[in-house]
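Following: one structure in structure tokens, then a few remarks.
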Amino acid sequence: MSSSLLILQVRKQAKVGGRCARYEFLHFLFYHKLKIIVMKFFIDTANLDEIKEANDLGILDGVTTNPSLMAKDGVTGTDAILKRYVDICNIVDGDVSAEVIATDFAGIVKEGENLATLHKNIVVKVPMIKDGVKALKYFSDQGIRTNCTLVFSAGQAILAAKAGATYVSPFMGRIDDISWDGTDLIDQMVEIYANYGFETEILAASIRSPLHIVKCAEIGADVVTTPLKSIMALLNHPLTDVGLEKFLADYKKGNS
Ligand code: G3P
């Protein structure tokens, strides 16, 4: 049973039957040795310092990159880009998406196969285009893991899953940018994948804020990939700061 399906079942149980039903369902999963896959956190950057900082926090499950992020970090030229992927894999013990540049089937396959040899954690990132879908199916048949990127509709998400993509990346922020609601797409995808037990994991991308992360968790996205600042912003609450200040001040009064 896919993680999306399990999450949907838990959500339905919790909504219909309340907390007791939810605990009963979790007990059922435990008894039958089924496990719910916890939401994964990926960082969306090519910057090694940011990757190290997120990894040091102890909550990082992987990394996504794209050609824009490589360029932003000043990584140019094939050798430097391939080296950066290896450097990232040596920091994080988790999946690392490496995007192909080719847009024709033969080129995507050649590039993807080369990327996949770099490290066991490399996931080949393929754009949602016609030859990309063909390549996703090819890679899936070869046992090469993939991330289908630039997904903006439920129809595209169905194609990616049918082609056997390991991950599919809906771009939440860019949908919000054109005054649509990125959360609606993720919600639709969770339901569709659960209907058919698709194994493809929903990797919510183009995350712009901590609220996006929380929304994805509510809906049941399998993975979020976010810039470091959105992960760190999850830490913030003014009452935490005020409360800590008072605890420390009270301690000081009694212990100085
Ligand atoms: O993973 C895709 C993501 O990097 C796109 O983010 O902010 O450029 O829309 P953004």
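Letters A, B, ... mark the chains of the structure tokens in the order given; residue numbers begin at 1 per chain; ligand numbers begin at 1, in order shown.
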Could you list, as a ChimeraX atom specification, all protein and nucleic acid residues with an atom at most 9 Å from ligand 1, counting only C-alpha atoms and all ligand atoms? /A:43-45,64-66,68-69,149-150,169-175,177,203-208,225-227
Expected file contents, prior selection, N, CA and C atoms, as an mmCIF file, in the first residue's frame:
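selection16.cif, written as the output of this step:
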data_model
loop_
_atom_site.group_PDB
_atom_site.id
_atom_site.type_symbol
_atom_site.label_atom_id
_atom_site.label_comp_id
_atom_site.auth_asym_id
_atom_site.auth_seq_id
_atom_site.Cartn_x
_atom_site.Cartn_y
_atom_site.Cartn_z
ATOM 1 N N ILE A 43 15.947 19.625 0.977
ATOM 2 C CA ILE A 43 16.304 21.033 0.797
ATOM 3 C C ILE A 43 16.504 21.279 -0.696
ATOM 4 N N ASP A 44 16.020 22.456 -1.139
ATOM 5 C CA ASP A 44 16.023 22.792 -2.568
ATOM 6 C C ASP A 44 17.132 23.810 -2.810
ATOM 7 N N THR A 45 18.330 23.326 -3.016
ATOM 8 C CA THR A 45 19.478 24.221 -3.206
ATOM 9 C C THR A 45 20.660 23.432 -3.755
ATOM 10 N N THR A 64 17.088 18.505 -3.533
ATOM 11 C CA THR A 64 16.741 18.683 -4.945
ATOM 12 C C THR A 64 17.545 19.867 -5.475
ATOM 13 N N THR A 65 17.911 19.750 -6.739
ATOM 14 C CA THR A 65 18.621 20.848 -7.400
ATOM 15 C C THR A 65 17.947 21.047 -8.757
ATOM 16 N N ASN A 66 18.301 22.102 -9.402
ATOM 17 C CA ASN A 66 17.883 22.293 -10.799
ATOM 18 C C ASN A 66 18.928 23.193 -11.449
ATOM 19 N N SER A 68 18.849 26.162 -12.565
ATOM 20 C CA SER A 68 18.835 27.543 -12.056
ATOM 21 C C SER A 68 19.574 27.625 -10.713
ATOM 22 N N LEU A 69 19.342 26.623 -9.858
ATOM 23 C CA LEU A 69 19.999 26.640 -8.538
ATOM 24 C C LEU A 69 21.510 26.442 -8.680
ATOM 25 N N THR A 149 9.789 16.601 -13.041
ATOM 26 C CA THR A 149 9.722 17.997 -12.602
ATOM 27 C C THR A 149 8.855 18.847 -13.529
ATOM 28 N N LEU A 150 8.562 20.055 -13.071
ATOM 29 C CA LEU A 150 7.741 21.020 -13.827
ATOM 30 C C LEU A 150 6.319 20.491 -14.042
ATOM 31 N N SER A 169 7.085 16.209 -9.027
ATOM 32 C CA SER A 169 7.247 17.520 -8.372
ATOM 33 C C SER A 169 6.247 18.569 -8.866
ATOM 34 N N PRO A 170 5.122 18.731 -8.157
ATOM 35 C CA PRO A 170 4.234 19.858 -8.454
ATOM 36 C C PRO A 170 4.834 21.138 -7.881
ATOM 37 N N PHE A 171 4.797 22.218 -8.660
ATOM 38 C CA PHE A 171 5.428 23.485 -8.252
ATOM 39 C C PHE A 171 4.394 24.398 -7.594
ATOM 40 N N MET A 172 4.273 24.295 -6.290
ATOM 41 C CA MET A 172 3.238 25.060 -5.557
ATOM 42 C C MET A 172 3.363 26.560 -5.732
ATOM 43 N N GLY A 173 4.575 27.081 -5.460
ATOM 44 C CA GLY A 173 4.772 28.534 -5.463
ATOM 45 C C GLY A 173 4.473 29.157 -6.817
ATOM 46 N N ARG A 174 4.900 28.474 -7.875
ATOM 47 C CA ARG A 174 4.693 29.048 -9.217
ATOM 48 C C ARG A 174 3.209 29.027 -9.595
ATOM 49 N N ILE A 175 2.450 28.066 -9.037
ATOM 50 C CA ILE A 175 0.995 28.070 -9.261
ATOM 51 C C ILE A 175 0.373 29.249 -8.502
ATOM 52 N N ASP A 177 1.834 31.935 -7.846
ATOM 53 C CA ASP A 177 2.277 33.160 -8.538
ATOM 54 C C ASP A 177 1.285 33.619 -9.604
ATOM 55 N N LEU A 203 6.211 15.042 -4.330
ATOM 56 C CA LEU A 203 7.307 15.865 -3.802
ATOM 57 C C LEU A 203 6.931 17.333 -4.071
ATOM 58 N N ALA A 204 6.328 17.965 -3.078
ATOM 59 C CA ALA A 204 5.873 19.352 -3.277
ATOM 60 C C ALA A 204 7.095 20.271 -3.405
ATOM 61 N N ALA A 205 7.152 20.982 -4.541
ATOM 62 C CA ALA A 205 8.318 21.836 -4.831
ATOM 63 C C ALA A 205 7.874 23.282 -4.987
ATOM 64 N N SER A 206 8.869 24.150 -5.235
ATOM 65 C CA SER A 206 8.605 25.582 -5.359
ATOM 66 C C SER A 206 7.894 26.091 -4.104
ATOM 67 N N ILE A 207 8.406 25.628 -2.978
ATOM 68 C CA ILE A 207 7.855 26.028 -1.673
ATOM 69 C C ILE A 207 8.421 27.411 -1.338
ATOM 70 N N ARG A 208 7.561 28.308 -0.916
ATOM 71 C CA ARG A 208 8.007 29.688 -0.680
ATOM 72 C C ARG A 208 7.914 30.113 0.782
ATOM 73 N N THR A 225 10.157 19.904 -0.686
ATOM 74 C CA THR A 225 11.515 20.403 -0.901
ATOM 75 C C THR A 225 11.472 21.914 -0.808
ATOM 76 N N THR A 226 12.308 22.456 0.064
ATOM 77 C CA THR A 226 12.174 23.872 0.402
ATOM 78 C C THR A 226 13.533 24.546 0.517
ATOM 79 N N PRO A 227 13.549 25.868 0.330
ATOM 80 C CA PRO A 227 14.783 26.593 0.630
ATOM 81 C C PRO A 227 15.059 26.538 2.143
#
Could you please write out, as a count of residues only, every residue of segment 86-203 of chain A that DSSP assigns to strand (DSSP E or B)? 25
Neighbour list for segment 70-87 of chain A as a PDB file with C-alpha atoms, in the first residue's frame, cut-off 9 Å, only C-alpha atoms, skip fewer than 6 positions in-chain:
ATOM      1  CA  THR A  45      19.478  24.221  -3.206  1.00  0.00           C
ATOM      2  CA  ALA A  46      22.890  23.525  -4.709  1.00  0.00           C
ATOM      3  CA  ASN A  47      24.673  25.460  -1.953  1.00  0.00           C
ATOM      4  CA  LEU A  48      26.848  23.168   0.166  1.00  0.00           C
ATOM      5  CA  VAL A  96      19.625  13.768  -4.423  1.00  0.00           C
ATOM      6  CA  SER A  97      17.787  14.926  -7.555  1.00  0.00           C
ATOM      7  CA  ALA A  98      20.056  15.705 -10.518  1.00  0.00           C
ATOM      8  CA  LEU A 115      24.003  10.854 -13.674  1.00  0.00           C
ATOM      9  CA  LEU A 118      27.588   9.084  -9.948  1.00  0.00           C
ATOM     10  CA  HIS A 119      26.165   7.785  -6.659  1.00  0.00           C
ATOM     11  CA  ILE A 122      21.102  10.069  -7.330  1.00  0.00           C
TER      12      ILE A 122
END
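In this comparison, which uses only C-alpha atoms, the residue of A:Ile192, A:Val126, A:Ile231, A:Ala157 approaching Asn55 of chain A most closely is A:Ile231.
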